[in-house]
Structure formats: C-alpha cells, structure tokens
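S.K.: I'm passing along work-v4.tsv; it holds TSV, C-alpha atoms.
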```
chain	number	residue	atom	x	y	z
A	1314	MET	CA	0.00	0.00	0.00
A	1315	THR	CA	2.95	2.31	0.78
A	1316	LYS	CA	4.26	1.90	-2.78
A	1317	LEU	CA	0.85	2.58	-4.27
A	1318	PHE	CA	0.11	5.60	-2.06
A	1319	THR	CA	2.03	8.28	-3.99
A	1320	PRO	CA	0.83	7.30	-7.52
A	1321	LEU	CA	-2.74	6.98	-6.21
A	1322	LEU	CA	-2.47	10.41	-4.56
A	1323	ILE	CA	-1.25	11.96	-7.83
A	1324	VAL	CA	-3.99	10.32	-9.93
A	1325	THR	CA	-6.69	11.33	-7.42
A	1326	ALA	CA	-5.42	14.92	-7.28
A	1327	ALA	CA	-5.38	15.06	-11.10
A	1328	LEU	CA	-8.94	13.71	-11.30
A	1329	PHE	CA	-10.17	16.28	-8.76
A	1330	ALA	CA	-8.35	19.06	-10.61
A	1331	TYR	CA	-10.04	18.10	-13.89
A	1332	ALA	CA	-13.48	17.42	-12.36
A	1333	PRO	CA	-14.72	21.07	-12.35
A	1334	PHE	CA	-14.04	21.37	-16.12
A	1335	ALA	CA	-15.79	18.08	-16.86
A	1336	ILE	CA	-18.79	19.10	-14.74
A	1337	GLN	CA	-18.94	22.53	-16.38
A	1338	ASN	CA	-18.89	20.96	-19.86
A	1339	ALA	CA	-21.60	18.43	-19.00
A	1340	PRO	CA	-25.04	19.41	-20.37
A	1341	TYR	CA	-27.83	20.75	-18.17
A	1342	GLU	CA	-30.63	18.36	-17.24
A	1343	SER	CA	-33.85	19.30	-19.07
A	1344	THR	CA	-36.20	19.68	-16.06
A	1345	MET	CA	-33.87	20.52	-13.17
A	1346	GLY	CA	-31.32	22.68	-14.98
A	1347	LEU	CA	-28.19	23.87	-13.19
A	1348	VAL	CA	-28.98	22.39	-9.77
A	1349	GLN	CA	-28.71	18.84	-11.19
A	1350	LYS	CA	-24.92	19.40	-11.41
A	1351	ILE	CA	-24.77	18.67	-7.67
A	1352	PHE	CA	-25.26	15.04	-8.81
A	1353	TYR	CA	-21.59	14.81	-9.94
A	1354	PHE	CA	-20.34	15.11	-6.33
A	1355	HIS	CA	-23.43	13.93	-4.44
A	1356	VAL	CA	-23.65	10.38	-5.85
A	1357	PRO	CA	-19.85	9.72	-5.82
A	1358	ALA	CA	-19.80	10.86	-2.15
A	1359	TRP	CA	-22.42	8.18	-1.39
A	1360	ILE	CA	-20.47	5.60	-3.44
A	1361	ALA	CA	-17.43	6.35	-1.25
A	1362	MET	CA	-19.65	6.17	1.84
A	1363	PHE	CA	-21.00	2.74	0.82
A	1364	LEU	CA	-17.44	1.57	0.14
A	1365	ALA	CA	-16.32	2.78	3.57
A	1366	ALA	CA	-19.31	1.06	5.21
A	1367	MET	CA	-18.49	-2.23	3.49
A	1368	VAL	CA	-14.77	-2.04	4.34
A	1369	CYS	CA	-15.70	-1.22	7.96
A	1370	GLY	CA	-18.17	-4.13	8.10
A	1371	ILE	CA	-15.75	-6.68	6.59
A	1372	ALA	CA	-12.93	-5.52	8.87
A	1373	GLY	CA	-15.39	-5.70	11.78
A	1374	ALA	CA	-16.23	-9.31	10.90
A	1375	ILE	CA	-12.49	-10.14	10.92
A	1376	VAL	CA	-12.18	-8.49	14.35
A	1377	ILE	CA	-15.11	-10.55	15.70
A	1378	PHE	CA	-14.06	-13.91	14.31
A	1379	ALA	CA	-10.24	-13.64	14.20
A	1380	GLY	CA	-9.54	-10.84	16.71
A	1381	ARG	CA	-6.93	-9.25	14.48
A	1382	LYS	CA	-5.64	-5.82	15.53
A	1383	ASP	CA	-4.80	-4.68	12.00
A	1384	ALA	CA	-8.40	-5.30	10.94
A	1385	ASP	CA	-9.58	-3.22	13.91
A	1386	ARG	CA	-7.41	-0.33	12.70
A	1387	VAL	CA	-8.92	-0.58	9.21
A	1388	ALA	CA	-12.45	-0.73	10.66
A	1389	GLN	CA	-11.86	2.36	12.78
A	1390	ALA	CA	-10.40	4.29	9.82
A	1391	ALA	CA	-13.23	3.22	7.49
A	1392	ALA	CA	-15.91	4.18	10.04
A	1393	GLU	CA	-14.51	7.71	10.24
A	1394	LEU	CA	-14.48	7.92	6.43
A	1395	ALA	CA	-18.07	6.66	6.30
A	1396	VAL	CA	-19.07	9.55	8.56
A	1397	VAL	CA	-17.14	12.12	6.48
A	1398	PHE	CA	-18.45	10.95	3.08
A	1399	GLY	CA	-21.94	10.45	4.48
A	1400	LEU	CA	-21.90	14.01	5.77
A	1401	MET	CA	-21.04	15.21	2.26
A	1402	GLY	CA	-24.02	13.30	0.87
A	1403	LEU	CA	-26.35	14.48	3.63
A	1404	ILE	CA	-25.45	18.13	3.03
A	1405	THR	CA	-25.38	18.16	-0.78
A	1406	GLY	CA	-28.63	16.16	-1.06
A	1407	PRO	CA	-30.90	18.68	0.69
A	1408	LEU	CA	-29.29	21.53	-1.27
A	1409	TRP	CA	-30.30	19.74	-4.48
A	1410	GLY	CA	-33.70	18.72	-3.10
A	1411	ARG	CA	-34.62	22.27	-2.05
A	1412	LYS	CA	-34.60	23.35	-5.69
A	1413	ALA	CA	-35.74	20.09	-7.33
A	1414	TRP	CA	-38.48	19.07	-4.85
A	1415	GLY	CA	-39.19	22.36	-3.07
A	1416	VAL	CA	-38.20	20.93	0.34
A	1417	TRP	CA	-34.91	20.46	2.16
A	1418	TRP	CA	-35.80	17.07	3.56
A	1419	GLN	CA	-38.43	14.37	3.11
A	1420	TRP	CA	-38.88	11.51	5.59
A	1421	ASP	CA	-39.11	8.92	2.84
A	1422	ALA	CA	-37.44	5.48	2.69
A	1423	ARG	CA	-34.22	6.55	0.93
A	1424	LEU	CA	-33.43	9.66	2.91
A	1425	THR	CA	-34.39	8.17	6.27
A	1426	SER	CA	-32.47	4.91	5.75
A	1427	ALA	CA	-29.40	6.86	4.57
A	1428	LEU	CA	-29.57	9.03	7.71
A	1429	VAL	CA	-29.92	5.93	9.93
A	1430	MET	CA	-26.90	4.31	8.26
A	1431	TRP	CA	-24.85	7.45	8.83
A	1432	LEU	CA	-25.95	7.54	12.48
A	1433	VAL	CA	-24.81	3.91	12.93
A	1434	PHE	CA	-21.26	4.95	11.98
A	1435	VAL	CA	-21.45	8.04	14.21
A	1436	ALA	CA	-22.45	5.63	17.01
A	1437	TYR	CA	-19.44	3.43	16.11
A	1438	LEU	CA	-17.05	6.37	16.54
A	1439	LEU	CA	-18.68	7.47	19.80
A	1440	LEU	CA	-18.42	3.91	21.12
A	1441	ARG	CA	-14.72	3.75	20.21
A	1442	LYS	CA	-14.06	7.10	21.87
A	1443	TYR	CA	-16.06	6.66	25.07
A	1444	GLY	CA	-16.64	2.88	25.26
A	1445	GLY	CA	-13.42	2.19	27.13
A	1446	ALA	CA	-11.46	-1.05	27.05
A	1447	GLY	CA	-13.09	-3.93	25.21
A	1448	SER	CA	-15.26	-1.75	22.99
A	1449	GLU	CA	-13.52	-3.14	19.88
A	1450	LYS	CA	-15.79	-6.18	19.52
A	1451	LEU	CA	-18.97	-4.32	20.40
A	1452	SER	CA	-18.20	-1.64	17.82
A	1453	ALA	CA	-17.30	-4.35	15.28
A	1454	VAL	CA	-20.84	-5.71	15.67
A	1455	LEU	CA	-22.16	-2.20	15.10
A	1456	ALA	CA	-20.01	-2.01	11.93
A	1457	LEU	CA	-21.68	-5.20	10.67
A	1458	PHE	CA	-25.11	-3.61	11.19
A	1459	GLY	CA	-23.89	-0.52	9.37
A	1460	MET	CA	-22.73	-2.62	6.42
A	1461	ALA	CA	-26.03	-4.54	6.40
A	1462	ASN	CA	-27.79	-1.20	5.81
A	1463	VAL	CA	-26.01	-0.63	2.47
A	1464	PRO	CA	-28.27	-2.82	0.24
A	1465	PHE	CA	-31.39	-1.48	1.99
A	1466	VAL	CA	-30.39	2.12	1.33
A	1467	TYR	CA	-29.41	1.32	-2.26
A	1468	TRP	CA	-32.61	-0.58	-3.15
A	1469	SER	CA	-34.98	1.60	-1.10
A	1470	VAL	CA	-35.74	3.86	-4.10
A	1471	ASN	CA	-36.78	0.87	-6.22
A	1472	VAL	CA	-38.91	-0.81	-3.54
A	1473	TRP	CA	-40.69	2.07	-1.76
A	1474	ARG	CA	-42.36	5.14	-3.21
A	1475	THR	CA	-40.01	8.07	-2.75
A	1476	VAL	CA	-39.25	11.48	-4.22
A	1477	HIS	CA	-35.63	10.46	-4.77
A	1478	PRO	CA	-34.56	9.39	-8.32
A	1479	LYS	CA	-34.27	5.63	-8.88
A	1480	THR	CA	-30.96	3.73	-9.19
A	1481	SER	CA	-31.60	3.25	-12.93
A	1482	VAL	CA	-30.75	6.95	-13.47
A	1483	VAL	CA	-27.02	6.22	-13.31
A	1484	MET	CA	-27.18	3.29	-15.77
A	1485	THR	CA	-29.17	5.28	-18.33
A	1486	LEU	CA	-26.96	8.38	-18.36
A	1487	GLU	CA	-26.06	9.85	-21.74
A	1488	PRO	CA	-22.28	9.68	-22.40
A	1489	SER	CA	-22.06	13.49	-22.10
A	1490	MET	CA	-23.23	13.13	-18.49
A	1491	GLY	CA	-21.95	9.60	-17.86
A	1492	ILE	CA	-18.27	10.36	-18.54
A	1493	PRO	CA	-18.03	13.29	-16.07
A	1494	PHE	CA	-19.93	11.17	-13.55
A	1495	LEU	CA	-17.50	8.26	-14.02
A	1496	LEU	CA	-14.56	10.62	-13.65
A	1497	CYS	CA	-15.95	12.08	-10.41
A	1498	SER	CA	-16.74	8.59	-9.10
A	1499	LEU	CA	-13.15	7.47	-9.75
A	1500	ALA	CA	-11.90	10.63	-8.02
A	1501	PHE	CA	-13.96	9.87	-4.92
A	1502	VAL	CA	-12.93	6.19	-4.87
A	1503	GLY	CA	-9.29	7.30	-5.17
A	1504	LEU	CA	-9.82	9.84	-2.38
A	1505	PHE	CA	-11.34	7.13	-0.22
A	1506	ALA	CA	-8.30	4.87	-0.76
A	1507	VAL	CA	-5.82	7.69	-0.05
A	1508	LEU	CA	-7.62	8.82	3.11
A	1509	LEU	CA	-8.04	5.23	4.30
A	1510	ALA	CA	-4.31	4.57	3.92
A	1511	ALA	CA	-3.44	7.78	5.79
A	1512	ARG	CA	-5.98	7.09	8.55
A	1513	VAL	CA	-4.77	3.47	8.99
A	1514	ARG	CA	-1.22	4.80	9.25
A	1515	LEU	CA	-2.39	7.09	12.08
A	1516	GLU	CA	-3.92	4.13	13.96
A	1517	THR	CA	-0.75	2.08	13.41
A	1518	VAL	CA	1.44	4.85	14.88
A	1519	ARG	CA	-0.97	5.21	17.83
A	1520	GLY	CA	-0.80	1.44	18.35
A	1521	SER	CA	3.02	1.59	18.39
A	1522	VAL	CA	2.91	4.44	20.93
A	1523	ASP	CA	0.64	2.39	23.22
A	1524	GLU	CA	2.92	-0.65	22.96
A	1525	LEU	CA	5.98	1.48	23.77
A	1526	TYR	CA	4.23	3.00	26.78
A	1527	LEU	CA	3.45	-0.52	28.02
A	1528	SER	CA	7.08	-1.61	27.63
A	1529	LEU	CA	8.16	1.59	29.40
A	1530	GLU	CA	5.91	0.66	32.33
A	1531	ASP	CA	7.33	-2.90	32.55
B	1158	MET	CA	-80.34	76.97	3.60
B	1159	ARG	CA	-82.93	74.70	5.22
B	1160	ARG	CA	-82.74	72.41	2.20
B	1161	LEU	CA	-78.95	72.27	2.46
B	1162	LEU	CA	-79.16	71.36	6.15
B	1163	SER	CA	-81.74	68.62	5.53
B	1164	LEU	CA	-79.57	67.21	2.74
B	1165	SER	CA	-76.56	67.24	5.07
B	1166	PHE	CA	-78.51	65.45	7.83
B	1167	ALA	CA	-79.79	62.94	5.29
B	1168	PHE	CA	-76.24	62.31	4.13
B	1169	ILE	CA	-74.94	61.92	7.69
B	1170	PHE	CA	-77.73	59.66	8.98
B	1171	VAL	CA	-78.59	57.63	5.85
B	1172	ALA	CA	-75.79	57.69	3.31
B	1173	LEU	CA	-72.81	57.38	5.72
B	1174	PRO	CA	-74.18	54.32	7.59
B	1175	ALA	CA	-74.97	52.82	4.22
B	1176	PHE	CA	-71.33	53.33	3.15
B	1177	ALA	CA	-70.14	51.98	6.52
B	1178	LEU	CA	-72.24	48.85	6.12
B	1179	GLN	CA	-70.84	48.24	2.69
B	1180	GLN	CA	-68.64	45.09	2.75
B	1181	PRO	CA	-65.02	45.31	1.67
B	1182	PRO	CA	-64.21	43.45	-1.52
B	1183	SER	CA	-64.16	39.76	-0.60
B	1184	PRO	CA	-60.96	37.77	-1.03
B	1185	PRO	CA	-61.00	34.99	-3.60
B	1186	GLU	CA	-62.56	31.75	-2.39
B	1187	GLY	CA	-59.48	29.61	-3.14
B	1188	PHE	CA	-56.01	29.81	-4.56
B	1189	VAL	CA	-55.80	31.36	-7.97
B	1190	PRO	CA	-53.68	29.37	-10.38
B	1191	ALA	CA	-50.93	31.18	-12.27
B	1192	SER	CA	-49.27	30.02	-15.43
B	1193	SER	CA	-45.77	30.75	-14.11
B	1194	VAL	CA	-44.03	31.57	-10.86
B	1195	PRO	CA	-43.26	35.28	-10.40
B	1196	GLY	CA	-39.64	35.96	-11.26
B	1197	GLN	CA	-38.70	37.30	-7.82
B	1198	GLU	CA	-39.96	34.10	-6.14
B	1199	GLN	CA	-37.93	31.61	-8.18
B	1200	LEU	CA	-35.17	30.03	-6.11
B	1201	PRO	CA	-31.81	30.55	-7.84
B	1202	ALA	CA	-29.86	27.32	-8.39
B	1203	ALA	CA	-26.35	28.80	-8.60
B	1204	PRO	CA	-25.90	29.53	-4.84
B	1205	LEU	CA	-27.10	26.00	-3.98
B	1206	VAL	CA	-24.62	24.43	-6.42
B	1207	ILE	CA	-21.77	26.64	-5.19
B	1208	ILE	CA	-22.55	25.84	-1.52
B	1209	ALA	CA	-22.73	22.09	-2.31
B	1210	TYR	CA	-19.30	22.04	-3.98
B	1211	ALA	CA	-17.79	24.35	-1.35
B	1212	VAL	CA	-19.01	22.07	1.45
B	1213	VAL	CA	-17.43	19.01	-0.19
B	1214	TRP	CA	-14.09	20.78	-0.70
B	1215	LEU	CA	-14.10	22.17	2.85
B	1216	LEU	CA	-14.86	18.75	4.32
B	1217	VAL	CA	-12.07	17.10	2.27
B	1218	LEU	CA	-9.51	19.77	3.17
B	1219	GLY	CA	-10.62	19.90	6.82
B	1220	TYR	CA	-10.39	16.13	7.16
B	1221	LEU	CA	-6.97	16.05	5.45
B	1222	TRP	CA	-5.74	18.70	7.89
B	1223	SER	CA	-7.21	16.74	10.79
B	1224	ILE	CA	-5.41	13.51	9.77
B	1225	TRP	CA	-2.15	15.38	9.13
B	1226	SER	CA	-2.19	17.13	12.55
B	1227	ARG	CA	-3.13	13.94	14.43
B	1228	LEU	CA	-0.46	11.96	12.57
B	1229	THR	CA	2.21	14.59	13.28
B	1230	GLN	CA	1.28	14.55	16.97
B	1231	ALA	CA	1.31	10.73	17.14
B	1232	GLU	CA	4.68	10.50	15.36
B	1233	ARG	CA	6.14	13.11	17.71
B	1234	GLU	CA	4.86	11.10	20.67
B	1235	LEU	CA	6.29	7.90	19.18
B	1236	ALA	CA	9.71	9.49	18.78
B	1237	ASP	CA	9.53	10.87	22.31
B	1238	VAL	CA	8.59	7.51	23.90
B	1239	SER	CA	11.20	5.67	21.80
B	1240	ARG	CA	13.87	8.08	23.02
B	1241	ARG	CA	12.78	7.67	26.65
B	1242	LEU	CA	12.75	3.90	26.26
B	1243	ALA	CA	16.24	3.97	24.76
B	1244	THR	CA	17.55	5.98	27.71
B	1245	GLY	CA	15.67	3.74	30.18
B	1246	GLN	CA	13.61	6.67	31.49
B	1247	ARG	CA	10.15	6.11	33.02
B	1248	ARG	CA	7.00	8.31	32.59
```
Would you give me this structure, written as structure tokens?

M.R.:
Amino acid sequence: MTKLFTPLLIVTAALFAYAPFAIQNAPYESTMGLVQKIFYFHVPAWIAMFLAAMVCGIAGAIVIFAGRKDADRVAQAAAELAVVFGLMGLITGPLWGRKAWGVWWQWDARLTSALVMWLVFVAYLLLRKYGGAGSEKLSAVLALFGMANVPFVYWSVNVWRTVHPKTSVVMTLEPSMGIPFLLCSLAFVGLFAVLLAARVRLETVRGSVDELYLSLED
Amino acid sequence: MRRLLSLSFAFIFVALPAFALQQPPSPPEGFVPASSVPGQEQLPAAPLVIIAYAVVWLLVLGYLWSIWSRLTQAERELADVSRRLATGQRR
C-alpha cells in the first residue's frame, strides 16, 4: 500500500483538478437545470460512503471472528471515512432537493435509511471514543449492522415510493453526463483509498505508541 | 339653507351608515392558479450548487488537515517515547 500511495495520490489529485471542467462541460438536465450538477459530487460521495461502510463491516467481521488488531485499525479508519463521506451526501442532497423538490428534507425510505446508516457509523465512533477497554468487539458488531444497511439504502428507491430518483438513473446516463460522472466517481474512490491509507497509518502509529508505553511501564 | 341642512342630515344619517355597512371586496374563495411563478420568487440554483461544492471541498480539506495534525502529533509522541525507552527513562 505504501508503494501505491504516492501514484494513487497523484492520480486522485489530477482527477479532482479536472473534475470542475468536466462538470462545467456536461449538459444541463432538461427539467432541473443547473442544480442537477450537484449530482456529480453527491452520488460519488455516497459511493465512497458505501465503500467505507463495506470495508468497515468486513474488517469488523475479521475483528469478531479472528480478533486481528490490523483489521480493527482498518475498521476504525473506514468508520470515520463513512461519517465524512456520508456528511457530504447528507449536506449536498438537501441543497439539491430544495430546488428540485421544493423541500430540504423528506422523511421517505431513501433519505431516512441513509440518515440511519450514517448515524450507525457516528455511534461506532462514539463507542470507540467513550466505550473504554473492550469496545472493539462491540463496535465491530455495530459495523456489521452498518454494512447490512447498504443494500437497503441502495434498493430503497426501487422498492418504496419516494421522491428520490431511482438507481436506474445512473445506468441510463447519456455519455455526455456519464463520462463526467465516471470521472468524479473514480476521483472519490481514489480519495477514499488515499484517506483510508493515511488514517490506517495514524492508527498504526498510535498502536506503536501504546505498545511502547506498556514496555516503558514494565 | 334649510334644504342644504336637511340634505346634510340625510347624508350623515342615511348615506354614511350605508357606506359603513358596505362590505369590503371579498378575497377569492381559493387559490388562484398562475401560469408561471413570479420571477422574484424563483429560487436561484447557482448559490445551492456553489454551496454544495464548497461544502465538499471544505470537508475534504478539513479532514486532510485533521489527519495530518493527528499523525504529526502521534509521530512526535512515538519518537519521544522511543527516546525515553532507549535511555531507560520512566513516565
């Protein structure tokens, strides 16, 4: 991962630098107009959030069944990223909805389930911070519940009646909109990987500090 | 003169109460449909788009700064504890 970090950082930075031009050149949507351009950062932010939730859940499962410390570090890093990317989605969504739907928020299946999923990862971080010793396994269970939410949130628009656009919107994008969207999605996935690597490094250093303190005490 | 006075009294006691009793123009019974929203009431999209992109950038930069400062602090602490361990010093 250390070898990949610098090239990944460069590619991600380049994608983010080009993203504004790609978004500006993308055509306006016929009914929503300019405000639809929020889509190019809103959906990729949720893709990164889903990715973080899944990484956190899988790492949590490894913590529960194998008790590995490195997996716990990954889970903790991914949970924090899930909260950050989820916050991006939860802020940009209402800004788009205010213009497109006339309301900031709607308590429908998609928006409510997305908020609940985000709150699960906020709970994970609070548990890690204030749960004390032994909170690793309890928070790993919480991570599994957070990951289990991902398919529900994704399919909610297709199953329940909601004001939110359906998942088929992405698959049916015209190339003029699809290419900028793909570019932004890759940028967010790259950003997720870069931030995850940096955040895991932080947990590794903290782990080393704790081990050294213990050997200093002995 | 007498006629003028009687006309004035008639106006004061008959015509004025009649005007006073007159109902104000009634408001429409329901909402009146309009073909388009008045220009001043249309919500502009540009500020919403700008705020959305600004929020994302601020969150990314803020989080990067947060990781960088926490990592610097942890590495400093690691170096400090390693040095103390090497010299056999206790906390």

S.K.: Pick the closest to A:Glu1524 from B:Ala1209, B:Leu1235, B:Leu1216, B:Leu1200: which is it, counting only C-alpha atoms?

M.R.: B:Leu1235

S.K.: Wanna dump the chain A-chain B contacts at 8 Å for me, each residue with its shortest atom pair and the distance in Å to one decimal, counting all atoms listed in the file, ordered by chain and number, as JSON lines?

M.R.:
```
{"residue": "A:Leu1347", "atom": "CA", "partner": "B:Ala1202", "partner_atom": "CA", "distance": 6.1}
{"residue": "A:Val1348", "atom": "CA", "partner": "B:Ala1202", "partner_atom": "CA", "distance": 5.2}
{"residue": "A:Lys1350", "atom": "CA", "partner": "B:Val1206", "partner_atom": "CA", "distance": 7.1}
{"residue": "A:Ile1351", "atom": "CA", "partner": "B:Val1206", "partner_atom": "CA", "distance": 5.9}
{"residue": "A:Phe1354", "atom": "CA", "partner": "B:Tyr1210", "partner_atom": "CA", "distance": 7.4}
{"residue": "A:Val1397", "atom": "CA", "partner": "B:Leu1216", "partner_atom": "CA", "distance": 7.3}
{"residue": "A:Met1401", "atom": "CA", "partner": "B:Val1213", "partner_atom": "CA", "distance": 5.8}
{"residue": "A:Ile1404", "atom": "CA", "partner": "B:Ala1209", "partner_atom": "CA", "distance": 7.2}
{"residue": "A:Thr1405", "atom": "CA", "partner": "B:Ala1209", "partner_atom": "CA", "distance": 5.0}
{"residue": "A:Leu1408", "atom": "CA", "partner": "B:Leu1205", "partner_atom": "CA", "distance": 5.7}
{"residue": "A:Trp1409", "atom": "CA", "partner": "B:Leu1205", "partner_atom": "CA", "distance": 7.0}
{"residue": "A:Lys1412", "atom": "CA", "partner": "B:Leu1200", "partner_atom": "CA", "distance": 6.7}
{"residue": "A:Leu1508", "atom": "CA", "partner": "B:Leu1221", "partner_atom": "CA", "distance": 7.6}
{"residue": "A:Ala1511", "atom": "CA", "partner": "B:Ile1224", "partner_atom": "CA", "distance": 7.2}
{"residue": "A:Arg1512", "atom": "CA", "partner": "B:Ile1224", "partner_atom": "CA", "distance": 6.6}
{"residue": "A:Arg1514", "atom": "CA", "partner": "B:Leu1228", "partner_atom": "CA", "distance": 7.9}
{"residue": "A:Leu1515", "atom": "CA", "partner": "B:Leu1228", "partner_atom": "CA", "distance": 5.3}
{"residue": "A:Val1518", "atom": "CA", "partner": "B:Ala1231", "partner_atom": "CA", "distance": 6.3}
{"residue": "A:Arg1519", "atom": "CA", "partner": "B:Ala1231", "partner_atom": "CA", "distance": 6.0}
{"residue": "A:Ser1521", "atom": "CA", "partner": "B:Leu1235", "partner_atom": "CA", "distance": 7.2}
{"residue": "A:Val1522", "atom": "CA", "partner": "B:Leu1235", "partner_atom": "CA", "distance": 5.1}
{"residue": "A:Leu1525", "atom": "CA", "partner": "B:Val1238", "partner_atom": "CA", "distance": 6.6}
{"residue": "A:Tyr1526", "atom": "CA", "partner": "B:Val1238", "partner_atom": "CA", "distance": 6.9}
{"residue": "A:Leu1529", "atom": "CA", "partner": "B:Leu1242", "partner_atom": "CA", "distance": 6.0}
{"residue": "A:Glu1530", "atom": "CA", "partner": "B:Arg1247", "partner_atom": "CA", "distance": 6.9}
```

S.K.: For the residues selected in the previous step, produce a file with C-alpha atoms as a short mmCIF file (atom, residue, chain, number, x, y, z; two decimals), keeping the file's coordinate frame.

M.R.:
```
data_model
loop_
_atom_site.label_atom_id
_atom_site.label_comp_id
_atom_site.auth_asym_id
_atom_site.auth_seq_id
_atom_site.Cartn_x
_atom_site.Cartn_y
_atom_site.Cartn_z
CA LEU A 1347 -28.19 23.87 -13.19
CA VAL A 1348 -28.98 22.39 -9.77
CA LYS A 1350 -24.92 19.40 -11.41
CA ILE A 1351 -24.77 18.67 -7.67
CA PHE A 1354 -20.34 15.11 -6.33
CA VAL A 1397 -17.14 12.12 6.48
CA MET A 1401 -21.04 15.21 2.26
CA ILE A 1404 -25.45 18.13 3.03
CA THR A 1405 -25.38 18.16 -0.78
CA LEU A 1408 -29.29 21.53 -1.27
CA TRP A 1409 -30.30 19.74 -4.48
CA LYS A 1412 -34.60 23.35 -5.69
CA LEU A 1508 -7.62 8.82 3.11
CA ALA A 1511 -3.44 7.78 5.79
CA ARG A 1512 -5.98 7.09 8.55
CA ARG A 1514 -1.22 4.80 9.25
CA LEU A 1515 -2.39 7.09 12.08
CA VAL A 1518 1.44 4.85 14.88
CA ARG A 1519 -0.97 5.21 17.83
CA SER A 1521 3.02 1.59 18.39
CA VAL A 1522 2.91 4.44 20.93
CA LEU A 1525 5.98 1.48 23.77
CA TYR A 1526 4.23 3.00 26.78
CA LEU A 1529 8.16 1.59 29.40
CA GLU A 1530 5.91 0.66 32.33
#
```

S.K.: Measure the distance from atom CA of A:Gly1520 to atom CA of A:Lys1382 in Å and round it to one decimal.

M.R.: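 It comes out at 9.2 Å.
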
S.K.: Please indicate the distance in Å from atom CA of A:Phe1505 to atom CA of A:Pro1357, rounded to one decimal place.

M.R.: 10.5 Å

S.K.: Using all atoms listed in the file, which residue out of A:Phe1465, A:Phe1501, A:Phe1329, A:Phe1352 lies closest to A:Ala1413?

M.R.: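 Closest to A:Ala1413 of all the choices is A:Phe1352.
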
S.K.: What does the structure give for the distance between atom CA of A:Leu1486 and atom CA of A:Val1356, in Å to one decimal?

M.R.: 13.1 Å

S.K.: Restricting the calculation to all atoms listed in the file, which member of A:Phe1318, A:Tyr1467, A:Trp1417, A:Phe1494 is positioned closest to A:Pro1333?

M.R.: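 The closest residue to A:Pro1333 is A:Phe1494.
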